[in-house]
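Undergrad: Below you'll find upload_37.tsv; it's TSV, C-alpha atoms.
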```
chain	number	residue	atom	x	y	z
A	1	MET	CA	32.30	12.93	20.34
A	2	VAL	CA	32.55	9.87	18.10
A	3	PHE	CA	29.35	7.83	17.90
A	4	GLU	CA	29.52	4.51	19.77
A	5	GLY	CA	27.61	1.77	18.03
A	6	SER	CA	27.69	-0.69	15.16
A	7	SER	CA	26.39	-0.41	11.62
A	8	ALA	CA	26.15	-2.12	8.27
A	9	THR	CA	25.17	-1.07	4.78
A	10	ILE	CA	24.18	-3.14	1.76
A	11	SER	CA	23.02	-2.41	-1.78
A	12	HIS	CA	21.69	-4.72	-4.48
A	13	THR	CA	20.67	-4.07	-8.09
A	14	GLY	CA	17.44	-6.06	-7.62
A	15	ARG	CA	15.87	-8.53	-10.00
A	16	VAL	CA	14.80	-6.12	-12.77
A	17	ARG	CA	17.24	-3.21	-13.06
A	18	ALA	CA	20.39	-3.54	-15.17
A	19	ASN	CA	22.43	-1.17	-13.01
A	20	ASN	CA	22.42	0.20	-9.48
A	21	GLN	CA	21.42	3.86	-9.13
A	22	ASP	CA	21.29	3.74	-5.31
A	23	SER	CA	24.16	4.67	-3.00
A	24	GLY	CA	24.68	4.07	0.70
A	25	TYR	CA	27.19	5.26	3.28
A	26	ALA	CA	27.92	4.10	6.84
A	27	GLY	CA	30.73	5.83	8.70
A	28	ALA	CA	31.74	6.90	12.20
A	29	ASN	CA	29.01	9.50	12.75
A	30	LEU	CA	27.23	9.77	9.39
A	31	PHE	CA	24.77	7.37	7.70
A	32	VAL	CA	23.21	8.04	4.28
A	33	VAL	CA	20.93	6.43	1.68
A	34	ALA	CA	20.43	8.07	-1.74
A	35	ASP	CA	18.17	6.74	-4.52
A	36	GLY	CA	19.26	8.26	-7.84
A	37	MET	CA	17.06	9.10	-10.80
A	38	GLY	CA	17.53	10.42	-14.29
A	39	GLY	CA	18.01	7.42	-16.53
A	40	HIS	CA	20.56	4.67	-16.93
A	41	ALA	CA	23.52	7.00	-16.21
A	42	GLY	CA	21.93	10.01	-14.53
A	43	GLY	CA	20.75	8.13	-11.45
A	44	ASP	CA	24.22	6.72	-10.83
A	45	VAL	CA	25.77	10.17	-11.08
A	46	ALA	CA	23.17	11.86	-8.88
A	47	SER	CA	23.35	9.46	-5.93
A	48	THR	CA	27.16	9.33	-6.20
A	49	ILE	CA	27.47	13.12	-6.11
A	50	ALA	CA	25.13	13.30	-3.11
A	51	VAL	CA	27.06	10.69	-1.11
A	52	GLN	CA	30.45	12.14	-2.03
A	53	ARG	CA	29.29	15.55	-0.86
A	54	MET	CA	27.73	14.12	2.32
A	55	GLU	CA	30.67	11.96	3.36
A	56	ARG	CA	32.65	15.11	4.15
A	57	LEU	CA	30.27	15.57	7.10
A	58	ASP	CA	31.46	12.37	8.79
A	59	GLN	CA	33.14	13.99	11.79
A	60	PRO	CA	32.30	14.78	15.45
A	61	TYR	CA	30.07	17.81	16.06
A	62	THR	CA	29.86	19.93	19.19
A	63	THR	CA	26.13	20.64	18.94
A	64	THR	CA	23.11	19.41	17.00
A	65	ASP	CA	22.65	22.91	15.56
A	66	GLU	CA	26.12	22.72	14.06
A	67	ALA	CA	25.33	19.33	12.52
A	68	GLN	CA	22.00	20.56	11.12
A	69	ALA	CA	23.65	23.55	9.51
A	70	ALA	CA	26.34	21.33	7.98
A	71	LEU	CA	23.76	18.89	6.64
A	72	GLN	CA	21.64	21.60	5.03
A	73	ALA	CA	24.73	23.28	3.52
A	74	ALA	CA	25.95	19.96	2.10
A	75	ALA	CA	22.56	19.26	0.53
A	76	THR	CA	22.47	22.71	-1.05
A	77	THR	CA	25.99	22.27	-2.40
A	78	ALA	CA	25.13	18.79	-3.72
A	79	ALA	CA	22.19	20.27	-5.63
A	80	GLU	CA	24.53	22.80	-7.21
A	81	ASP	CA	26.90	19.95	-8.07
A	82	LEU	CA	24.03	18.21	-9.88
A	83	LYS	CA	23.23	21.39	-11.78
A	84	ILE	CA	26.86	21.75	-12.90
A	85	ALA	CA	27.01	18.06	-13.90
A	86	ALA	CA	23.87	18.45	-16.02
A	87	LYS	CA	25.26	21.59	-17.64
A	88	GLU	CA	28.55	19.88	-18.52
A	89	ARG	CA	26.77	16.76	-19.75
A	90	PRO	CA	23.37	17.75	-21.26
A	91	GLU	CA	22.32	14.12	-21.56
A	92	LEU	CA	22.10	14.07	-17.74
A	93	SER	CA	19.60	16.95	-17.58
A	94	GLY	CA	16.86	16.14	-15.10
A	95	LEU	CA	19.03	13.97	-12.86
A	96	GLY	CA	18.29	13.92	-9.16
A	97	THR	CA	18.28	11.81	-6.03
A	98	THR	CA	16.45	11.21	-2.81
A	99	LEU	CA	18.48	11.75	0.33
A	100	SER	CA	17.97	10.38	3.84
A	101	ALA	CA	20.81	11.05	6.28
A	102	ILE	CA	21.55	10.80	10.00
A	103	ILE	CA	24.40	12.49	11.85
A	104	MET	CA	24.90	11.16	15.39
A	105	VAL	CA	25.74	13.89	17.90
A	106	ASP	CA	26.11	12.67	21.49
A	107	ASP	CA	22.71	11.22	22.43
A	108	TYR	CA	20.89	12.74	19.47
A	109	ALA	CA	20.21	11.86	15.83
A	110	VAL	CA	20.24	14.82	13.46
A	111	ILE	CA	18.06	13.86	10.51
A	112	GLY	CA	17.85	15.34	7.01
A	113	HIS	CA	15.41	13.93	4.47
A	114	ILE	CA	14.01	14.60	1.00
A	115	GLY	CA	12.24	12.18	-1.38
A	116	ASP	CA	10.74	8.76	-0.73
A	117	SER	CA	13.64	6.87	0.82
A	118	ARG	CA	12.84	6.27	4.49
A	119	ILE	CA	14.26	6.30	8.00
A	120	TYR	CA	12.78	3.94	10.60
A	121	LEU	CA	13.46	3.60	14.32
A	122	TYR	CA	13.21	0.23	16.03
A	123	ARG	CA	12.82	0.80	19.79
A	124	ASP	CA	11.16	-1.18	22.59
A	125	ASP	CA	10.09	-3.91	20.17
A	126	GLU	CA	8.23	-1.43	17.95
A	127	LEU	CA	9.07	-0.11	14.47
A	128	THR	CA	8.24	3.54	13.69
A	129	GLN	CA	8.59	5.34	10.36
A	130	ILE	CA	10.37	8.58	11.24
A	131	THR	CA	10.38	10.36	7.87
A	132	ALA	CA	7.42	11.24	5.66
A	133	ASP	CA	7.46	10.39	1.95
A	134	HIS	CA	7.47	13.42	-0.33
A	135	THR	CA	5.11	11.74	-2.77
A	136	PHE	CA	1.84	12.54	-4.48
A	137	VAL	CA	0.00	9.67	-2.78
A	138	GLN	CA	1.30	10.69	0.65
A	139	ARG	CA	-0.35	14.06	0.04
A	140	LEU	CA	-3.58	12.18	-0.75
A	141	VAL	CA	-3.20	10.23	2.50
A	142	ASP	CA	-2.48	13.39	4.50
A	143	THR	CA	-5.63	15.03	3.15
A	144	GLY	CA	-7.73	11.96	3.92
A	145	ARG	CA	-8.54	11.14	0.31
A	146	ILE	CA	-7.04	7.63	0.42
A	147	THR	CA	-5.90	5.26	3.17
A	148	PRO	CA	-2.27	4.24	3.76
A	149	GLU	CA	-3.13	0.77	2.46
A	150	GLU	CA	-4.60	2.25	-0.74
A	151	ALA	CA	-1.48	4.40	-1.11
A	152	ARG	CA	0.70	1.29	-1.09
A	153	TYR	CA	-0.90	0.06	-4.34
A	154	HIS	CA	-1.91	3.39	-5.91
A	155	PRO	CA	-0.84	3.61	-9.59
A	156	ARG	CA	0.77	7.01	-8.88
A	157	ARG	CA	2.51	5.95	-5.69
A	158	SER	CA	5.95	6.87	-7.06
A	159	VAL	CA	5.29	10.45	-8.13
A	160	LEU	CA	7.74	12.48	-6.06
A	161	MET	CA	6.97	16.03	-4.98
A	162	ARG	CA	10.47	16.88	-3.67
A	163	VAL	CA	13.95	15.58	-4.45
A	164	LEU	CA	17.53	16.83	-4.59
A	165	SER	CA	18.11	17.75	-8.24
A	166	ASP	CA	19.51	20.06	-10.87
A	167	MET	CA	16.16	21.82	-11.29
A	168	ASP	CA	15.87	24.08	-8.24
A	169	ILE	CA	17.97	26.50	-6.26
A	170	ASP	CA	17.30	25.59	-2.61
A	171	PRO	CA	16.54	21.97	-1.67
A	172	GLU	CA	13.83	21.86	0.99
A	173	LEU	CA	14.95	19.11	3.36
A	174	ASP	CA	12.91	17.95	6.33
A	175	MET	CA	15.32	18.65	9.19
A	176	PHE	CA	14.80	17.59	12.80
A	177	VAL	CA	16.61	16.24	15.85
A	178	MET	CA	15.58	13.17	17.85
A	179	PRO	CA	16.96	11.85	21.13
A	180	THR	CA	18.38	8.37	20.82
A	181	GLN	CA	19.30	5.79	23.45
A	182	PRO	CA	21.27	2.53	23.83
A	183	GLY	CA	19.40	-0.32	22.21
A	184	ASP	CA	17.92	1.80	19.42
A	185	ARG	CA	18.23	0.46	15.91
A	186	TRP	CA	17.93	2.88	12.99
A	187	LEU	CA	17.08	1.67	9.50
A	188	LEU	CA	17.64	3.88	6.45
A	189	CYS	CA	16.43	2.39	3.15
A	190	SER	CA	15.50	3.18	-0.43
A	191	ASP	CA	12.00	2.39	-1.66
A	192	GLY	CA	13.41	-0.76	-3.21
A	193	LEU	CA	12.98	-2.21	0.30
A	194	SER	CA	10.02	-0.29	1.75
A	195	GLY	CA	8.02	-0.57	-1.48
A	196	VAL	CA	8.24	-4.37	-1.43
A	197	VAL	CA	8.56	-5.38	2.24
A	198	ASP	CA	5.84	-3.99	4.49
A	199	ASP	CA	6.38	-2.82	8.06
A	200	PRO	CA	5.13	-6.01	9.81
A	201	HIS	CA	7.65	-8.15	7.90
A	202	MET	CA	10.47	-5.66	8.59
A	203	LEU	CA	9.54	-5.73	12.27
A	204	LYS	CA	9.62	-9.52	12.33
A	205	VAL	CA	13.22	-9.52	11.05
A	206	LEU	CA	14.32	-6.76	13.44
A	207	ARG	CA	12.94	-8.75	16.37
A	208	TYR	CA	15.49	-11.49	15.64
A	209	SER	CA	18.05	-9.12	17.25
A	210	LEU	CA	20.77	-10.23	14.83
A	211	PRO	CA	23.87	-8.06	14.15
A	212	PRO	CA	23.31	-5.25	11.62
A	213	GLY	CA	24.95	-7.09	8.74
A	214	ARG	CA	22.90	-10.26	9.15
A	215	THR	CA	19.73	-8.22	9.64
A	216	ALA	CA	20.43	-6.39	6.37
A	217	ASP	CA	20.92	-9.74	4.62
A	218	HIS	CA	17.56	-11.00	5.89
A	219	LEU	CA	15.74	-7.85	4.78
A	220	LEU	CA	17.41	-7.99	1.36
A	221	LYS	CA	16.26	-11.59	0.94
A	222	LEU	CA	12.66	-10.55	1.66
A	223	ALA	CA	12.92	-7.83	-1.01
A	224	LEU	CA	14.40	-10.25	-3.55
A	225	ASP	CA	11.76	-12.88	-2.73
A	226	GLY	CA	9.16	-10.16	-3.34
A	227	GLY	CA	10.46	-9.51	-6.86
A	228	ALA	CA	12.82	-6.57	-6.13
A	229	PRO	CA	11.73	-4.47	-9.14
A	230	ASP	CA	14.03	-1.63	-8.05
A	231	ASN	CA	17.49	-1.27	-6.51
A	232	VAL	CA	17.55	-2.16	-2.81
A	233	THR	CA	19.78	-0.20	-0.43
A	234	MET	CA	19.79	0.02	3.35
A	235	VAL	CA	21.90	1.18	6.25
A	236	ILE	CA	21.34	-0.29	9.72
A	237	VAL	CA	22.73	1.56	12.74
A	238	ASP	CA	22.73	0.24	16.32
A	239	VAL	CA	23.15	2.60	19.25
A	240	GLY	CA	25.27	0.80	21.89
A	241	GLY	CA	23.44	-2.43	22.69
A	242	GLN	CA	24.53	-6.03	22.45
A	243	HIS	CA	26.52	-5.92	19.21
A	244	PRO	CA	30.24	-5.02	19.15
A	245	VAL	CA	31.23	-1.41	18.57
A	246	THR	CA	32.67	-0.95	15.08
A	247	SER	CA	35.84	0.91	14.23
A	248	GLY	CA	33.92	3.54	12.30
A	249	THR	CA	35.74	2.78	9.04
A	250	PRO	CA	33.45	4.17	6.32
A	251	THR	CA	31.62	1.72	4.07
A	252	ILE	CA	30.25	2.91	0.72
A	253	VAL	CA	27.91	0.75	-1.37
A	254	GLY	CA	26.01	1.04	-4.63
A	255	ALA	CA	26.85	3.54	-7.37
A	256	ALA	CA	29.04	5.67	-5.09
A	257	SER	CA	31.34	2.71	-4.44
A	258	ASN	CA	32.27	2.72	-8.13
A	259	PRO	CA	31.89	6.37	-9.25
A	260	GLN	CA	33.45	5.81	-12.70
A	261	GLY	CA	35.17	9.17	-12.81
A	262	VAL	CA	32.38	11.32	-11.41
A	263	VAL	CA	33.91	14.67	-10.46
A	264	VAL	CA	32.22	16.66	-7.71
A	265	PRO	CA	32.45	20.45	-8.20
A	266	ALA	CA	31.82	22.91	-5.37
A	267	ALA	CA	28.67	24.96	-5.14
A	268	ARG	CA	24.56	25.07	-4.59
A	269	PRO	CA	19.79	23.25	-5.48
A	270	LEU	CA	15.90	20.60	-6.30
A	271	LEU	CA	12.75	19.87	-8.11
A	272	PRO	CA	9.07	20.24	-7.40
A	273	SER	CA	7.86	16.88	-8.63
A	274	TRP	CA	9.04	13.62	-10.16
A	275	LEU	CA	7.54	10.47	-11.56
A	276	HIS	CA	9.18	7.38	-10.11
A	277	PRO	CA	7.46	4.33	-11.62
A	278	GLY	CA	7.85	1.24	-9.45
A	279	ARG	CA	8.24	-1.50	-12.07
A	280	GLN	CA	9.72	-0.42	-15.38
A	281	ALA	CA	12.03	-2.12	-17.81
A	282	ALA	CA	15.59	-2.51	-16.63
A	283	ASN	CA	17.16	0.18	-18.79
A	284	GLU	CA	14.37	2.73	-18.73
A	285	PRO	CA	14.76	5.76	-16.51
A	286	SER	CA	13.28	5.14	-13.07
A	287	HIS	CA	12.15	8.75	-12.55
A	288	PHE	CA	10.78	11.51	-14.78
A	289	GLU	CA	9.97	15.16	-14.31
A	290	PRO	CA	6.34	15.85	-15.27
A	291	ALA	CA	5.10	19.02	-16.94
A	292	ALA	CA	3.87	21.87	-14.77
A	293	GLU	CA	0.20	20.87	-15.18
A	294	TYR	CA	0.97	17.21	-14.45
A	295	LEU	CA	0.00	17.10	-10.78
A	296	GLU	CA	-3.31	18.84	-11.42
A	297	GLU	CA	-3.99	16.29	-14.12
A	298	LEU	CA	-3.09	13.51	-11.69
A	299	ILE	CA	-5.51	14.89	-9.13
A	300	GLU	CA	-8.24	15.16	-11.76
A	301	GLU	CA	-7.46	11.63	-12.94
A	302	ASP	CA	-7.67	10.43	-9.36
A	303	ARG	CA	-11.11	12.06	-9.07
A	304	ARG	CA	-12.24	10.41	-12.30
A	305	ARG	CA	-10.93	7.05	-11.10
A	306	ALA	CA	-12.78	7.40	-7.80
A	307	LYS	CA	-15.96	8.36	-9.68
A	308	ARG	CA	-15.59	5.34	-11.97
A	309	ARG	CA	-15.11	3.12	-8.92
A	310	ARG	CA	-18.30	4.50	-7.36
A	311	TRP	CA	-20.28	3.94	-10.55
A	312	ALA	CA	-18.81	0.44	-10.96
A	313	TRP	CA	-19.77	-0.36	-7.37
A	314	PHE	CA	-23.27	1.05	-7.91
A	315	GLY	CA	-23.66	-0.86	-11.19
A	316	GLY	CA	-22.52	-4.07	-9.52
A	317	LEU	CA	-24.98	-3.52	-6.70
A	318	VAL	CA	-27.81	-2.95	-9.21
A	319	VAL	CA	-26.88	-6.17	-11.03
A	320	VAL	CA	-26.84	-8.15	-7.77
A	321	ILE	CA	-30.19	-6.70	-6.68
A	322	THR	CA	-31.68	-7.39	-10.13
A	323	LEU	CA	-30.47	-11.00	-10.13
A	324	PHE	CA	-31.76	-11.49	-6.60
A	325	ALA	CA	-35.14	-10.01	-7.50
A	326	ALA	CA	-35.31	-12.17	-10.64
A	327	ALA	CA	-34.54	-15.25	-8.57
A	328	LEU	CA	-37.28	-14.34	-6.07
A	329	PHE	CA	-39.74	-13.65	-8.87
A	330	GLY	CA	-38.93	-16.97	-10.52
A	331	ALA	CA	-39.28	-18.83	-7.25
A	332	TYR	CA	-42.63	-17.15	-6.54
A	333	ASN	CA	-43.92	-17.98	-10.01
A	334	TRP	CA	-43.01	-21.62	-9.45
A	335	THR	CA	-44.99	-21.68	-6.18
A	336	GLN	CA	-48.04	-20.52	-8.11
A	337	THR	CA	-48.00	-23.72	-10.18
A	338	ARG	CA	-48.57	-25.75	-6.98
A	339	TYR	CA	-51.98	-26.52	-5.38
A	340	PHE	CA	-53.23	-28.05	-2.15
A	341	VAL	CA	-56.55	-28.65	-0.41
A	342	GLY	CA	-57.25	-27.21	3.05
A	343	ALA	CA	-59.79	-25.50	5.25
A	344	GLN	CA	-60.70	-21.84	5.62
A	345	ASP	CA	-63.50	-20.60	7.87
A	346	ASP	CA	-64.80	-24.19	8.25
A	347	THR	CA	-65.04	-24.58	4.48
A	348	VAL	CA	-62.96	-26.83	2.26
A	349	VAL	CA	-61.09	-24.81	-0.37
A	350	ILE	CA	-58.41	-25.24	-3.03
A	351	PHE	CA	-55.27	-23.17	-2.38
A	352	GLN	CA	-52.84	-22.04	-5.07
A	353	GLY	CA	-49.18	-21.95	-3.95
A	354	ILE	CA	-47.33	-23.82	-1.21
A	355	GLN	CA	-48.03	-24.21	2.49
A	356	GLN	CA	-44.95	-22.27	3.69
A	357	ASN	CA	-44.75	-18.58	4.59
A	358	ILE	CA	-41.76	-16.20	4.53
A	359	GLY	CA	-42.24	-14.21	7.72
A	360	PRO	CA	-45.54	-12.34	7.33
A	361	ILE	CA	-45.66	-13.09	3.58
A	362	SER	CA	-47.94	-15.99	2.61
A	363	LEU	CA	-46.91	-18.06	-0.39
A	364	SER	CA	-50.47	-19.26	-1.05
A	365	ASN	CA	-53.94	-17.86	-1.69
A	366	VAL	CA	-57.47	-19.28	-2.08
A	367	TYR	CA	-57.95	-20.46	-5.66
A	368	SER	CA	-61.53	-21.64	-5.33
A	369	GLU	CA	-64.06	-22.34	-2.58
A	370	THR	CA	-66.35	-25.40	-2.36
A	371	ASP	CA	-69.73	-26.11	-0.84
A	372	ILE	CA	-68.18	-28.68	1.51
A	373	THR	CA	-67.95	-27.80	5.19
A	374	VAL	CA	-65.35	-29.32	7.45
A	375	ASP	CA	-68.01	-30.55	9.88
A	376	GLU	CA	-69.55	-32.75	7.15
A	377	LEU	CA	-66.41	-34.81	6.83
A	378	PRO	CA	-65.58	-37.96	8.81
A	379	LEU	CA	-63.17	-37.31	11.66
A	380	PHE	CA	-60.09	-38.88	10.03
A	381	VAL	CA	-60.77	-37.07	6.72
A	382	ARG	CA	-61.42	-33.80	8.59
A	383	ALA	CA	-57.97	-34.08	10.23
A	384	GLN	CA	-56.31	-34.57	6.81
A	385	VAL	CA	-58.02	-31.48	5.39
A	386	GLN	CA	-57.07	-29.36	8.40
A	387	GLN	CA	-53.43	-30.43	7.96
A	388	THR	CA	-53.80	-29.79	4.17
A	389	ILE	CA	-53.60	-32.31	1.35
A	390	THR	CA	-50.96	-31.70	-1.31
A	391	ALA	CA	-52.05	-32.00	-4.94
A	392	SER	CA	-49.77	-32.64	-7.90
A	393	SER	CA	-51.79	-30.29	-10.14
A	394	LEU	CA	-55.02	-28.34	-10.36
A	395	ASP	CA	-56.77	-31.37	-11.87
A	396	ASP	CA	-55.51	-33.49	-8.98
A	397	ALA	CA	-56.80	-30.89	-6.47
A	398	GLU	CA	-60.28	-30.92	-8.11
A	399	ALA	CA	-60.27	-34.74	-7.99
A	400	ILE	CA	-59.47	-34.60	-4.26
A	401	ILE	CA	-62.45	-32.25	-3.78
A	402	GLU	CA	-64.75	-34.74	-5.54
A	403	ARG	CA	-63.58	-37.54	-3.23
A	404	LEU	CA	-64.13	-35.33	-0.20
A	405	ARG	CA	-67.66	-34.46	-1.46
A	406	GLN	CA	-68.48	-38.15	-1.79
A	407	SER	CA	-67.04	-38.79	1.68
A	408	ALA	CA	-69.24	-36.02	3.13
A	409	ARG	CA	-72.39	-37.46	1.50
A	410	GLY	CA	-71.54	-41.00	2.51
```
Could you render the structure from this file as structure tokens?

TA:
Amino acid sequence: MVFEGSSATISHTGRVRANNQDSGYAGANLFVVADGMGGHAGGDVASTIAVQRMERLDQPYTTTDEAQAALQAAATTAAEDLKIAAKERPELSGLGTTLSAIIMVDDYAVIGHIGDSRIYLYRDDELTQITADHTFVQRLVDTGRITPEEARYHPRRSVLMRVLSDMDIDPELDMFVMPTQPGDRWLLCSDGLSGVVDDPHMLKVLRYSLPPGRTADHLLKLALDGGAPDNVTMVIVDVGGQHPVTSGTPTIVGAASNPQGVVVPAARPLLPSWLHPGRQAANEPSHFEPAAEYLEELIEEDRRRAKRRRWAWFGGLVVVITLFAAALFGAYNWTQTRYFVGAQDDTVVIFQGIQQNIGPISLSNVYSETDITVDELPLFVRAQVQQTITASSLDDAEAIIERLRQSARG
């Protein structure tokens, strides 16, 4: 059964890269995004080989099991193709590609995925990420060591744990089947989109309900406005719905649309981990294979970074507390340069400090007592003393006491 729906695919070099190492494919039943890696030429070759091998799957399938088997076999053969390409051209050694693919079979989507390209499903006004990134930081998120928001800006966010490459025998794809329904919109994209445009902004564009091509244009503009440090590739697939059904004529974009003589052999493999820096110079390789001890070192570095953050936070807290305490100490010392005259236990005394209190803490204490009792004073003077009389200095306070003494005698 031929899939009934409409689709669009688009690929852009971005604002930093000098060439496009992504490839995209939208056909009658098959939809693919591949993000190549391995240097200026290797990434082009890798994503091209993957798409050329996958496009042979664009045909009707009787069952989802049949489609899954075909998808896994094609991925395995593509890995062998990469191995042969690297053997024939040693300068391409280490080339590889992510791969996110959907084969539509009746009312089901057969999904195959490896790497950090993504597949989303927009349904009932909600956007859901269907695939999981095969990245170092996603492992940290899964184990609860960092939050998804921290992962988005983690310095190692582009270290890939699994890709389709020339370095392994059997590529380990995530394979699963999902029911789909009229009105669904599927979005396949490289991290050139998902790494720049977050889910809420993608959702806002999808809610416009524009045709796939115009939706892709809007999402591309967001990526370009965000700097587009990497190639940006996406495929948008509508299931039935309001947009016209397309003819199913295949559309190929990116490196695979201009293969420059890439020859696909026929055979079978992948790689345990890759470094995929997000913002490098245009002609530098966008992915690297780390040494065997690299991931352990990354984990240890992550621990050291977390420890440094804790110490920095603790040091900052100590500094704030110290400054606050110094400010309180300075303020208290200033209060002890102030004096006022008042009454205590029916006796006139000189207080050191100020009349205010901070909760239960008094900011004044008795500096000296006098032989003057409150009862000796005239009524109006007595009221002043009971309400306290502010002095400008200790000498002024002692002068006030002398005046009160004379008033008591008079």

Undergrad: Need to verify the contact set: stretch 91-100 of chain A, 6 Å, only C-alpha atoms, exclusion of same-chain residues closer than 4 positions in sequence. Can you return it as a ChimeraX atom specification?

TA: /A:32-38,42,46-47,86,112-115,163-165

Undergrad: So what do you get for atom CA of A:Cys189 versus atom CA of A:Ser23, distance-wise?

TA: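 These two atoms are separated by 10.1 Å.
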
Undergrad: Can you work out which one of A:Gly24, A:Gly14, A:Gly195, A:Pro360 has the shortest atom-to-atom distance to A:Thr48, counting all atoms listed in the file?

TA: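 Using all atoms listed in the file, the shortest distance to A:Thr48 belongs to A:Gly24.
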
Undergrad: Would you work out the distance separating atom CA of A:Gln21 from atom CA of A:Leu193, expressed in Å to one decimal?

TA: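 Atom CA of A:Leu193 lies at a distance of 14.0 Å from atom CA of A:Gln21.
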
Undergrad: Looking at only C-alpha atoms, which of A:Leu394, A:Leu379, A:Val349, A:Ala228 is the one that sits closest to A:Thr337?

TA: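 With only C-alpha atoms as the atom set, the closest residue is A:Leu394.
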
Undergrad: Report, in Å with one decimal, the straight-line distance from atom CA of A:Gly43 to atom CA of A:Tyr153.

TA: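 That distance, rounded to one decimal, is 24.2 Å.
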
Undergrad: Write out as an mmCIF file with C-alpha atoms, in the frame of the given file the residues lying within 8 Å of stretch 365-368 of chain A, counting only C-alpha atoms and excluding same-chain residues fewer than 2 positions away.

TA:
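Output file around_30.cif is given in full below:
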```
data_model
loop_
_atom_site.group_PDB
_atom_site.id
_atom_site.type_symbol
_atom_site.label_atom_id
_atom_site.label_comp_id
_atom_site.auth_asym_id
_atom_site.auth_seq_id
_atom_site.Cartn_x
_atom_site.Cartn_y
_atom_site.Cartn_z
ATOM 1 C CA VAL A 349 -61.090 -24.810 -0.370
ATOM 2 C CA ILE A 350 -58.410 -25.240 -3.030
ATOM 3 C CA PHE A 351 -55.270 -23.170 -2.380
ATOM 4 C CA GLN A 352 -52.840 -22.040 -5.070
ATOM 5 C CA GLY A 353 -49.180 -21.950 -3.950
ATOM 6 C CA SER A 362 -47.940 -15.990 2.610
ATOM 7 C CA LEU A 363 -46.910 -18.060 -0.390
ATOM 8 C CA THR A 370 -66.350 -25.400 -2.360
#
```

Undergrad: Closest to A:Ser194 among A:Ala223, A:Ile102, A:Met167, A:Ala216, using only C-alpha atoms?

TA: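 Ranking A:Ala223, A:Ile102, A:Met167, A:Ala216 by distance to A:Ser194, first place goes to A:Ala223.
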
Undergrad: Between A:Gln386, A:Thr62, A:Asn357, A:Thr143, which residue has the minimum interatomic distance to A:Val341, considering only C-alpha atoms?

TA: A:Gln386

Undergrad: Which one is closest to A:Thr347: A:Leu187, A:Val374, A:Ile130, A:Ala325? Count only C-alpha atoms.

TA: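 Looking only at the distances to A:Thr347, the closest residue turns out to be A:Val374.
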
Undergrad: With distances taken over only C-alpha atoms, which residue among A:Ala132, A:Asp106, A:Arg308, A:Asp199 lies nearest A:Glu149?

TA: A:Asp199

Undergrad: Taking all atoms of stretch 14-28 of chain A that appear in the file, build a box with edges along x, y and z, extend it by 5 Å on every side, and state its centre and edge lengths in Å to one decimal, as AutoDock Vina command-line options.

TA:
```
--center_x 23.3 --center_y -0.8 --center_z -1.5 --size_x 26.9 --size_y 25.4 --size_z 37.4
```

Undergrad: What's around stretch 178-181 of chain A at 7 Å? Count all atoms listed in the file, leave out sequence neighbours fewer than 3 positions away in its own chain, and write the answer as a compact mmCIF listing (two decimals) with C-alpha atoms, keeping the file's coordinate frame.

TA:
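This is the output file result29.txt:
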```txt
# COMPACT_ATOMS: atom_id res chain seq x y z
CA ASP A 107 22.71 11.22 22.43
CA TYR A 108 20.89 12.74 19.47
CA ALA A 109 20.21 11.86 15.83
CA VAL A 110 20.24 14.82 13.46
CA ASP A 184 17.92 1.80 19.42
CA VAL A 239 23.15 2.60 19.25
```
